[in-house]
file data_15.pdb (PDB, C-alpha atoms)
MODEL        1
ATOM      1  CA  MET A   1     -48.758  39.293-117.572
ATOM      2  CA  LYS A   2     -46.821  38.484-114.421
ATOM      3  CA  LEU A   3     -47.451  39.866-110.929
ATOM      4  CA  TYR A   4     -44.778  39.787-108.227
ATOM      5  CA  HIS A   5     -46.429  40.365-104.868
ATOM      6  CA  TYR A   6     -46.862  39.603-101.169
ATOM      7  CA  ILE A   7     -50.136  38.104 -99.968
ATOM      8  CA  HIS A   8     -50.522  40.469 -96.986
ATOM      9  CA  CYS A   9     -49.552  43.723 -98.714
ATOM     10  CA  PRO A  10     -52.568  46.058 -99.212
ATOM     11  CA  PHE A  11     -50.965  47.684-102.261
ATOM     12  CA  CYS A  12     -50.540  44.226-103.778
ATOM     13  CA  VAL A  13     -54.139  43.378-102.868
ATOM     14  CA  ARG A  14     -55.195  46.489-104.800
ATOM     15  CA  VAL A  15     -53.705  45.087-107.970
ATOM     16  CA  ARG A  16     -55.099  41.596-107.409
ATOM     17  CA  MET A  17     -58.582  43.057-106.930
ATOM     18  CA  ALA A  18     -58.241  45.100-110.115
ATOM     19  CA  LEU A  19     -57.071  42.043-112.054
ATOM     20  CA  GLY A  20     -60.097  40.134-110.792
ATOM     21  CA  PHE A  21     -62.499  42.947-111.627
ATOM     22  CA  PHE A  22     -61.110  43.271-115.146
ATOM     23  CA  GLY A  23     -61.088  39.492-115.582
ATOM     24  CA  ILE A  24     -57.432  39.459-116.652
ATOM     25  CA  GLU A  25     -55.441  36.251-116.359
ATOM     26  CA  TYR A  26     -51.904  36.572-115.037
ATOM     27  CA  GLU A  27     -48.991  34.619-113.642
ATOM     28  CA  SER A  28     -48.722  34.997-109.872
ATOM     29  CA  VAL A  29     -45.287  35.087-108.227
ATOM     30  CA  VAL A  30     -45.415  35.377-104.423
ATOM     31  CA  LEU A  31     -41.959  36.492-103.282
ATOM     32  CA  ASP A  32     -40.384  35.678 -99.950
ATOM     33  CA  TYR A  33     -40.226  38.880 -97.923
ATOM     34  CA  ASN A  34     -36.467  38.508 -97.505
ATOM     35  CA  ASP A  35     -35.928  38.259-101.279
ATOM     36  CA  GLU A  36     -34.225  41.555-102.059
ATOM     37  CA  LYS A  37     -32.511  40.351-105.213
ATOM     38  CA  THR A  38     -35.587  39.837-107.420
ATOM     39  CA  PRO A  39     -37.294  43.231-106.968
ATOM     40  CA  VAL A  40     -33.990  45.127-107.088
ATOM     41  CA  GLU A  41     -33.037  43.431-110.347
ATOM     42  CA  LEU A  42     -36.464  44.212-111.825
ATOM     43  CA  THR A  43     -36.934  47.827-110.714
ATOM     44  CA  GLY A  44     -33.883  48.922-108.707
ATOM     45  CA  THR A  45     -35.726  48.938-105.385
ATOM     46  CA  LYS A  46     -37.315  46.486-102.950
ATOM     47  CA  MET A  47     -40.905  47.532-103.405
ATOM     48  CA  LEU A  48     -43.902  45.446-104.397
ATOM     49  CA  PRO A  49     -46.190  44.974-106.225
ATOM     50  CA  ILE A  50     -44.268  44.656-109.476
ATOM     51  CA  MET A  51     -46.099  43.815-112.675
ATOM     52  CA  GLU A  52     -44.860  42.912-116.091
ATOM     53  CA  ILE A  53     -47.336  44.075-118.736
ATOM     54  CA  ASP A  54     -46.487  43.590-122.411
ATOM     55  CA  GLY A  55     -42.785  43.506-121.557
ATOM     56  CA  GLU A  56     -42.906  46.680-119.439
ATOM     57  CA  ILE A  57     -42.050  46.466-115.725
ATOM     58  CA  MET A  58     -44.128  48.626-113.358
ATOM     59  CA  ASN A  59     -44.069  48.895-109.560
ATOM     60  CA  GLU A  60     -46.598  51.510-108.445
ATOM     61  CA  SER A  61     -50.014  50.061-107.725
ATOM     62  CA  LEU A  62     -52.110  52.842-109.250
ATOM     63  CA  ASP A  63     -49.949  53.002-112.376
ATOM     64  CA  ILE A  64     -50.373  49.241-112.723
ATOM     65  CA  ILE A  65     -54.152  49.490-112.378
ATOM     66  CA  LYS A  66     -54.289  52.282-114.964
ATOM     67  CA  ALA A  67     -52.303  50.117-117.385
ATOM     68  CA  LEU A  68     -54.558  47.125-116.718
ATOM     69  CA  ALA A  69     -57.620  49.227-117.517
ATOM     70  CA  ASN A  70     -56.365  49.494-121.093
ATOM     71  CA  HIS A  71     -56.759  45.726-121.410
ATOM     72  CA  SER A  72     -60.425  45.617-120.403
ATOM     73  CA  ASP A  73     -63.754  47.082-121.460
ATOM     74  CA  LYS A  74     -64.948  47.243-117.838
ATOM     75  CA  ASP A  75     -65.075  50.705-116.277
ATOM     76  CA  LEU A  76     -63.456  51.254-112.867
ATOM     77  CA  ASN A  77     -64.007  55.033-113.070
ATOM     78  CA  LEU A  78     -60.342  55.949-112.762
ATOM     79  CA  LEU A  79     -61.276  59.624-113.046
ATOM     80  CA  LYS A  80     -62.141  59.347-109.363
ATOM     81  CA  LEU A  81     -58.383  59.473-108.702
ATOM     82  CA  HIS A  82     -58.476  63.170-109.565
ATOM     83  CA  SER A  83     -61.392  63.965-107.276
ATOM     84  CA  GLU A  84     -61.600  65.554-103.860
ATOM     85  CA  SER A  85     -63.030  62.242-102.614
ATOM     86  CA  TYR A  86     -59.743  60.526-103.482
ATOM     87  CA  LYS A  87     -57.724  63.085-101.496
ATOM     88  CA  ILE A  88     -59.971  62.622 -98.472
ATOM     89  CA  LEU A  89     -59.860  58.848 -98.801
ATOM     90  CA  SER A  90     -56.047  58.848 -99.045
ATOM     91  CA  ASP A  91     -55.808  60.697 -95.726
ATOM     92  CA  TYR A  92     -58.353  58.309 -94.234
ATOM     93  CA  LEU A  93     -56.351  55.270 -95.359
ATOM     94  CA  ASP A  94     -53.189  56.690 -93.782
ATOM     95  CA  GLN A  95     -55.040  56.985 -90.495
ATOM     96  CA  LEU A  96     -56.629  53.558 -90.849
ATOM     97  CA  GLY A  97     -53.412  51.821 -91.836
ATOM     98  CA  LYS A  98     -51.568  52.703 -88.639
ATOM     99  CA  ASP A  99     -53.878  50.622 -86.458
ATOM    100  CA  VAL A 100     -54.511  47.871 -89.026
ATOM    101  CA  HIS A 101     -50.784  47.273 -89.492
ATOM    102  CA  ASN A 102     -50.014  47.340 -85.773
ATOM    103  CA  LEU A 103     -52.755  44.776 -85.183
ATOM    104  CA  CYS A 104     -52.124  42.498 -88.145
ATOM    105  CA  MET A 105     -48.357  42.346 -88.535
ATOM    106  CA  PRO A 106     -47.809  39.865 -85.665
ATOM    107  CA  TYR A 107     -50.385  37.584 -87.296
ATOM    108  CA  TRP A 108     -49.181  38.078 -90.865
ATOM    109  CA  ALA A 109     -45.691  37.056 -89.758
ATOM    110  CA  TRP A 110     -46.918  33.607 -88.699
ATOM    111  CA  SER A 111     -49.075  32.940 -91.745
ATOM    112  CA  LYS A 112     -48.164  30.401 -94.398
ATOM    113  CA  GLU A 113     -46.805  33.235 -96.532
ATOM    114  CA  PHE A 114     -43.579  33.433 -94.502
ATOM    115  CA  THR A 115     -40.702  30.994 -94.387
ATOM    116  CA  PRO A 116     -38.667  31.060 -91.142
ATOM    117  CA  GLU A 117     -36.021  33.228 -92.826
ATOM    118  CA  ALA A 118     -38.587  35.609 -94.320
ATOM    119  CA  ARG A 119     -40.378  35.817 -90.962
ATOM    120  CA  GLU A 120     -37.208  36.826 -89.133
ATOM    121  CA  TYR A 121     -36.440  39.439 -91.794
ATOM    122  CA  PHE A 122     -40.013  40.807 -91.653
ATOM    123  CA  ILE A 123     -40.125  41.000 -87.856
ATOM    124  CA  ASN A 124     -36.730  42.706 -87.619
ATOM    125  CA  LYS A 125     -37.560  45.204 -90.340
ATOM    126  CA  LYS A 126     -41.009  46.128 -89.047
ATOM    127  CA  SER A 127     -39.942  46.150 -85.381
ATOM    128  CA  ALA A 128     -37.402  48.838 -86.197
ATOM    129  CA  LYS A 129     -40.300  51.080 -87.259
ATOM    130  CA  ARG A 130     -43.165  49.994 -84.987
ATOM    131  CA  GLY A 131     -41.461  48.509 -81.965
ATOM    132  CA  PRO A 132     -41.194  44.890 -80.806
ATOM    133  CA  PHE A 133     -44.032  42.666 -81.975
ATOM    134  CA  HIS A 134     -44.759  41.402 -78.456
ATOM    135  CA  LEU A 135     -45.562  45.005 -77.472
ATOM    136  CA  LEU A 136     -47.851  45.399 -80.482
ATOM    137  CA  VAL A 137     -49.810  42.406 -79.206
ATOM    138  CA  GLN A 138     -49.826  43.673 -75.619
ATOM    139  CA  ASN A 139     -51.128  47.069 -76.794
ATOM    140  CA  LYS A 140     -53.816  45.640 -79.077
ATOM    141  CA  ALA A 141     -56.670  47.169 -77.047
ATOM    142  CA  GLU A 142     -55.319  50.635 -77.826
ATOM    143  CA  TYR A 143     -55.062  49.884 -81.555
ATOM    144  CA  LEU A 144     -58.509  48.254 -81.656
ATOM    145  CA  HIS A 145     -60.011  51.338 -80.064
ATOM    146  CA  GLY A 146     -58.316  53.544 -82.658
ATOM    147  CA  LEU A 147     -59.518  51.307 -85.464
ATOM    148  CA  ASP A 148     -63.083  51.320 -84.197
ATOM    149  CA  GLN A 149     -63.013  55.116 -84.004
ATOM    150  CA  THR A 150     -61.756  55.359 -87.577
ATOM    151  CA  LEU A 151     -64.151  52.764 -88.988
ATOM    152  CA  SER A 152     -67.098  54.480 -87.286
ATOM    153  CA  GLN A 153     -66.711  57.280 -89.843
ATOM    154  CA  LEU A 154     -67.196  54.902 -92.756
ATOM    155  CA  PRO A 155     -70.833  53.656 -92.851
ATOM    156  CA  VAL A 156     -72.284  57.046 -93.801
ATOM    157  CA  LYS A 157     -70.032  57.060 -96.878
ATOM    158  CA  LEU A 158     -71.193  53.660 -98.157
ATOM    159  CA  LEU A 159     -74.006  54.411-100.623
ATOM    160  CA  PRO A 160     -73.679  51.361-100.881
ATOM    161  CA  PHE A 161     -70.178  51.872-102.357
ATOM    162  CA  TYR A 162     -67.736  54.563-101.288
ATOM    163  CA  GLU A 163     -69.589  57.858-101.864
ATOM    164  CA  SER A 164     -71.292  56.294-104.884
ATOM    165  CA  ASP A 165     -74.061  53.945-105.941
ATOM    166  CA  LYS A 166     -71.576  52.282-108.308
ATOM    167  CA  PHE A 167     -68.368  50.346-107.714
ATOM    168  CA  THR A 168     -65.229  52.420-108.480
ATOM    169  CA  ILE A 169     -61.465  52.445-108.002
ATOM    170  CA  LEU A 170     -62.011  54.055-104.597
ATOM    171  CA  ASP A 171     -63.663  50.870-103.362
ATOM    172  CA  ILE A 172     -60.592  48.845-104.302
ATOM    173  CA  LEU A 173     -58.354  51.297-102.443
ATOM    174  CA  LEU A 174     -60.552  51.176 -99.360
ATOM    175  CA  ALA A 175     -61.253  47.446 -99.239
ATOM    176  CA  SER A 176     -57.640  46.448 -99.820
ATOM    177  CA  HIS A 177     -56.506  48.422 -96.775
ATOM    178  CA  ILE A 178     -59.199  47.045 -94.478
ATOM    179  CA  TRP A 179     -58.997  43.446 -95.649
ATOM    180  CA  GLY A 180     -56.029  42.512 -93.467
ATOM    181  CA  MET A 181     -58.223  42.601 -90.354
ATOM    182  CA  TYR A 182     -59.818  39.333 -91.402
ATOM    183  CA  ILE A 183     -56.626  37.640 -90.144
ATOM    184  CA  PHE A 184     -57.069  39.070 -86.640
ATOM    185  CA  PRO A 185     -58.786  36.249 -84.684
ATOM    186  CA  GLU A 186     -60.853  38.253 -82.202
ATOM    187  CA  TYR A 187     -62.027  40.924 -84.596
ATOM    188  CA  GLN A 188     -65.480  41.158 -86.124
ATOM    189  CA  PHE A 189     -66.319  43.920 -88.566
ATOM    190  CA  PRO A 190     -69.500  45.906 -88.026
ATOM    191  CA  PRO A 191     -72.172  44.173 -90.165
ATOM    192  CA  GLN A 192     -72.480  46.954 -92.769
ATOM    193  CA  ILE A 193     -68.724  47.026 -93.373
ATOM    194  CA  HIS A 194     -68.476  43.235 -93.535
ATOM    195  CA  ILE A 195     -71.290  43.132 -96.117
ATOM    196  CA  TYR A 196     -69.545  45.868 -98.091
ATOM    197  CA  LEU A 197     -66.239  44.000 -98.094
ATOM    198  CA  GLN A 198     -67.896  40.778 -99.200
ATOM    199  CA  LYS A 199     -69.594  42.634-102.062
ATOM    200  CA  VAL A 200     -66.207  43.999-103.158
ATOM    201  CA  LYS A 201     -64.828  40.452-102.951
ATOM    202  CA  GLU A 202     -67.619  39.225-105.212
ATOM    203  CA  LEU A 203     -67.176  41.999-107.785
ATOM    204  CA  THR A 204     -63.406  41.509-107.950
ATOM    205  CA  ASN A 205     -63.394  37.690-107.792
ATOM    206  CA  PHE A 206     -60.936  38.113-104.926
ATOM    207  CA  ASN A 207     -59.595  35.178-102.922
ATOM    208  CA  TYR A 208     -57.058  36.337-100.343
ATOM    209  CA  HIS A 209     -55.278  32.985 -99.977
ATOM    210  CA  GLU A 210     -55.779  31.676-103.509
ATOM    211  CA  ASP A 211     -52.057  31.522-104.224
ATOM    212  CA  PHE A 212     -51.532  28.992-101.456
ATOM    213  CA  TRP A 213     -53.900  26.517-103.100
ATOM    214  CA  ARG A 214     -52.832  26.732-106.742
ATOM    215  CA  ASN A 215     -51.150  23.765-108.390
TER     216      ASN A 215
ENDMDL
END
call {"tool": "encode", "arguments": {"input": "data_15.pdb", "output": "structure tokens"}}
result
Amino acid sequence: MKLYHYIHCPFCVRVRMALGFFGIEYESVVLDYNDEKTPVELTGTKMLPIMEIDGEIMNESLDIIKALANHSDKDLNLLKLHSESYKILSDYLDQLGKDVHNLCMPYWAWSKEFTPEAREYFINKKSAKRGPFHLLVQNKAEYLHGLDQTLSQLPVKLLPFYESDKFTILDILLASHIWGMYIFPEYQFPPQIHIYLQKVKELTNFNYHEDFWRN
């Protein structure tokens, strides 16, 4: 199996967490963000993650996770994807992602993941949608307030996992979208959410920067 991904991308993190939970070995290929050629040749569009499973190329995170489940005896309770909880969580993640991305993108851009060329491409592309990065940094208090308001809704749903006493696919969806805030230097998660995220990390054998330290 081969995974093409970006380190910072929450949809890519979803797949990496699932791979870790299932205990599936794979070849990791971290693409430069300005590499349009590779994903277009593989799937016809510049969208990651892309995974090659048994010769089949897939590029939708949930479809990839469903396919991976067929290679493991461990249960991620994928039936949750058809529940009302999943619909509510999807809306919640849309709301959460707006502030997380505005806060984290200026920091992601200067991480080891990006070459100078990839950084310029990333900043230009994202600035067209979100505005100049220097304004994102200047307006961080506004985005932090929005994030705190959104995260304040979460603790009552952690039982200790998302609306469950057992770890499910919904926890991977949630944790992968929050995880980026660990790169934001001033931010500290509320203790209950930090403990939750670290439990997800343990269950999925997840190491955010692992690909930077491989041989």
call {"tool": "resolve_selection", "arguments": {"input": "data_15.pdb", "expression": "the PyMOL selection byres ((chain A and resi 57) around 12)", "output": "PyMOL selection string"}}
result
chain A and resi 1-4+39-44+48-56+58-61+63-64+67
call {"tool": "atom_distance", "arguments": {"input": "data_15.pdb", "atom1": "atom CA of A:Leu96", "atom2": "atom CA of A:Asp35"}}
result
27.8 Å
call {"tool": "closest_residue", "arguments": {"input": "data_15.pdb", "among": "A:Met47, A:Leu173, A:Ile88, A:Leu93", "to": "A:Val200", "atoms": "only C-alpha atoms"}}
result
A:Leu173
call {"tool": "resolve_selection", "arguments": {"input": "data_15.pdb", "expression": "the PyMOL selection byres ((chain A and resi 182) around 12)", "output": "short mmCIF file (atom, residue, chain, number, x, y, z; two decimals) with C-alpha atoms, in the coordinates of the input"}}
result
data_model
loop_
_atom_site.label_atom_id
_atom_site.label_comp_id
_atom_site.auth_asym_id
_atom_site.auth_seq_id
_atom_site.Cartn_x
_atom_site.Cartn_y
_atom_site.Cartn_z
CA HIS A 8 -50.52 40.47 -96.99
CA VAL A 100 -54.51 47.87 -89.03
CA LEU A 103 -52.76 44.78 -85.18
CA CYS A 104 -52.12 42.50 -88.14
CA TYR A 107 -50.38 37.58 -87.30
CA TRP A 108 -49.18 38.08 -90.86
CA ALA A 175 -61.25 47.45 -99.24
CA SER A 176 -57.64 46.45 -99.82
CA HIS A 177 -56.51 48.42 -96.78
CA ILE A 178 -59.20 47.04 -94.48
CA TRP A 179 -59.00 43.45 -95.65
CA GLY A 180 -56.03 42.51 -93.47
CA MET A 181 -58.22 42.60 -90.35
CA ILE A 183 -56.63 37.64 -90.14
CA PHE A 184 -57.07 39.07 -86.64
CA PRO A 185 -58.79 36.25 -84.68
CA GLU A 186 -60.85 38.25 -82.20
CA TYR A 187 -62.03 40.92 -84.60
CA GLN A 188 -65.48 41.16 -86.12
CA PHE A 189 -66.32 43.92 -88.57
CA ILE A 193 -68.72 47.03 -93.37
CA HIS A 194 -68.48 43.24 -93.54
CA LEU A 197 -66.24 44.00 -98.09
CA GLN A 198 -67.90 40.78 -99.20
CA TYR A 208 -57.06 36.34 -100.34
CA HIS A 209 -55.28 32.98 -99.98
#
call {"tool": "residues_around", "arguments": {"input": "data_15.pdb", "residues": "A:Tyr92", "least_positions_apart": "3", "cutoff": "12 Å", "atoms": "only C-alpha atoms", "output": "list of chain:residue names"}}
result
A:Ser85, A:Tyr86, A:Lys87, A:Ile88, A:Leu89, A:Gln95, A:Leu96, A:Gly97, A:Lys98, A:Asp99, A:Leu147, A:Gln149, A:Thr150, A:Leu151, A:Ser152, A:Gln153, A:Leu154, A:Leu170, A:Leu173, A:Leu174, A:His177, A:Ile178
call {"tool": "closest_residue", "arguments": {"input": "data_15.pdb", "among": "A:Asn102, A:Lys80, A:Ser72, A:Lys157", "to": "A:Leu135", "atoms": "all atoms listed in the file"}}
result
A:Asn102
call {"tool": "resolve_selection", "arguments": {"input": "data_15.pdb", "expression": "the PyMOL selection byres ((chain A and resi 15) around 8)", "output": "number ranges by chain"}}
result
A: 11-14, 16-19, 49, 61, 64-65
call {"tool": "write_last_selection", "arguments": {"input": "data_15.pdb", "atoms": "C-alpha atoms", "output": "JSON list (two decimals), in the frame of the given file"}}
result
[["chain", "number", "residue", "atom", "x", "y", "z"],
["A", 11, "PHE", "CA", -50.96, 47.68, -102.26],
["A", 12, "CYS", "CA", -50.54, 44.23, -103.78],
["A", 13, "VAL", "CA", -54.14, 43.38, -102.87],
["A", 14, "ARG", "CA", -55.20, 46.49, -104.80],
["A", 16, "ARG", "CA", -55.10, 41.60, -107.41],
["A", 17, "MET", "CA", -58.58, 43.06, -106.93],
["A", 18, "ALA", "CA", -58.24, 45.10, -110.12],
["A", 19, "LEU", "CA", -57.07, 42.04, -112.05],
["A", 49, "PRO", "CA", -46.19, 44.97, -106.22],
["A", 61, "SER", "CA", -50.01, 50.06, -107.72],
["A", 64, "ILE", "CA", -50.37, 49.24, -112.72],
["A", 65, "ILE", "CA", -54.15, 49.49, -112.38]]
call {"tool": "residues_around", "arguments": {"input": "data_15.pdb", "residues": "A:Leu159", "least_positions_apart": "5", "cutoff": "12 Å", "atoms": "only C-alpha atoms", "output": "JSON, numbers by chain"}}
result
{"A": [154, 164, 165, 166, 167, 168, 171, 192, 193, 196]}
call {"tool": "atom_distance", "arguments": {"input": "data_15.pdb", "atom1": "atom CA of A:Asn77", "atom2": "atom CA of A:Phe161"}}
result
12.8 Å
call {"tool": "atom_distance", "arguments": {"input": "data_15.pdb", "atom1": "atom CA of A:Met105", "atom2": "atom CA of A:Tyr162"}}
result
26.2 Å
call {"tool": "closest_residue", "arguments": {"input": "data_15.pdb", "among": "A:Lys66, A:Tyr33, A:Glu142, A:Pro10", "to": "A:Pro116", "atoms": "all atoms listed in the file"}}
result
A:Tyr33
call {"tool": "closest_residue", "arguments": {"input": "data_15.pdb", "among": "A:Glu163, A:His5, A:Arg130, A:Glu25", "to": "A:Thr38", "atoms": "all atoms listed in the file"}}
result
A:His5
call {"tool": "closest_residue", "arguments": {"input": "data_15.pdb", "among": "A:Gly146, A:Pro106, A:Pro191, A:Pro155", "to": "A:Pro132", "atoms": "all atoms listed in the file"}}
result
A:Pro106
call {"tool": "build_atoms", "arguments": {"input": "data_15.pdb", "residues": "stretch 152-165 of chain A", "atoms": "N, CA, C and O atoms", "output": "mmCIF file, keeping the file's coordinate frame"}}
result
data_model
loop_
_atom_site.group_PDB
_atom_site.id
_atom_site.type_symbol
_atom_site.label_atom_id
_atom_site.label_comp_id
_atom_site.auth_asym_id
_atom_site.auth_seq_id
_atom_site.Cartn_x
_atom_site.Cartn_y
_atom_site.Cartn_z
ATOM 1 N N SER A 152 -65.768 53.926 -87.576
ATOM 2 C CA SER A 152 -67.098 54.480 -87.286
ATOM 3 C C SER A 152 -67.467 55.612 -88.228
ATOM 4 O O SER A 152 -68.647 55.957 -88.378
ATOM 5 N N GLN A 153 -66.458 56.194 -88.889
ATOM 6 C CA GLN A 153 -66.711 57.280 -89.843
ATOM 7 C C GLN A 153 -67.164 56.759 -91.205
ATOM 8 O O GLN A 153 -67.610 57.530 -92.047
ATOM 9 N N LEU A 154 -67.032 55.451 -91.413
ATOM 10 C CA LEU A 154 -67.196 54.902 -92.756
ATOM 11 C C LEU A 154 -68.635 54.628 -93.195
ATOM 12 O O LEU A 154 -68.981 54.928 -94.347
ATOM 13 N N PRO A 155 -69.513 54.061 -92.352
ATOM 14 C CA PRO A 155 -70.833 53.656 -92.851
ATOM 15 C C PRO A 155 -71.616 54.744 -93.576
ATOM 16 O O PRO A 155 -72.293 54.452 -94.568
ATOM 17 N N VAL A 156 -71.509 55.980 -93.147
ATOM 18 C CA VAL A 156 -72.284 57.046 -93.801
ATOM 19 C C VAL A 156 -71.794 57.312 -95.224
ATOM 20 O O VAL A 156 -72.495 57.940 -96.022
ATOM 21 N N LYS A 157 -70.598 56.841 -95.544
ATOM 22 C CA LYS A 157 -70.032 57.060 -96.878
ATOM 23 C C LYS A 157 -70.316 55.897 -97.831
ATOM 24 O O LYS A 157 -69.999 55.984 -99.017
ATOM 25 N N LEU A 158 -70.909 54.823 -97.332
ATOM 26 C CA LEU A 158 -71.193 53.660 -98.157
ATOM 27 C C LEU A 158 -72.610 53.770 -98.710
ATOM 28 O O LEU A 158 -73.588 53.627 -97.981
ATOM 29 N N LEU A 159 -72.724 54.024 -100.019
ATOM 30 C CA LEU A 159 -74.006 54.411 -100.623
ATOM 31 C C LEU A 159 -74.521 53.506 -101.753
ATOM 32 O O LEU A 159 -75.222 54.041 -102.637
ATOM 33 N N PRO A 160 -74.330 52.237 -101.846
ATOM 34 C CA PRO A 160 -73.679 51.361 -100.881
ATOM 35 C C PRO A 160 -72.163 51.258 -101.065
ATOM 36 O O PRO A 160 -71.479 50.658 -100.261
ATOM 37 N N PHE A 161 -71.627 51.847 -102.161
ATOM 38 C CA PHE A 161 -70.178 51.872 -102.357
ATOM 39 C C PHE A 161 -69.643 53.211 -101.858
ATOM 40 O O PHE A 161 -70.405 54.080 -101.443
ATOM 41 N N TYR A 162 -68.331 53.384 -101.901
ATOM 42 C CA TYR A 162 -67.736 54.563 -101.288
ATOM 43 C C TYR A 162 -68.178 55.834 -102.024
ATOM 44 O O TYR A 162 -67.794 56.086 -103.162
ATOM 45 N N GLU A 163 -69.044 56.596 -101.347
ATOM 46 C CA GLU A 163 -69.589 57.858 -101.864
ATOM 47 C C GLU A 163 -70.158 57.697 -103.273
ATOM 48 O O GLU A 163 -70.068 58.599 -104.106
ATOM 49 N N SER A 164 -70.763 56.557 -103.543
ATOM 50 C CA SER A 164 -71.292 56.294 -104.884
ATOM 51 C C SER A 164 -72.284 55.131 -104.832
ATOM 52 O O SER A 164 -72.217 54.292 -103.925
ATOM 53 N N ASP A 165 -73.180 55.104 -105.811
ATOM 54 C CA ASP A 165 -74.061 53.945 -105.941
ATOM 55 C C ASP A 165 -73.468 52.908 -106.889
ATOM 56 O O ASP A 165 -74.075 51.869 -107.149
#
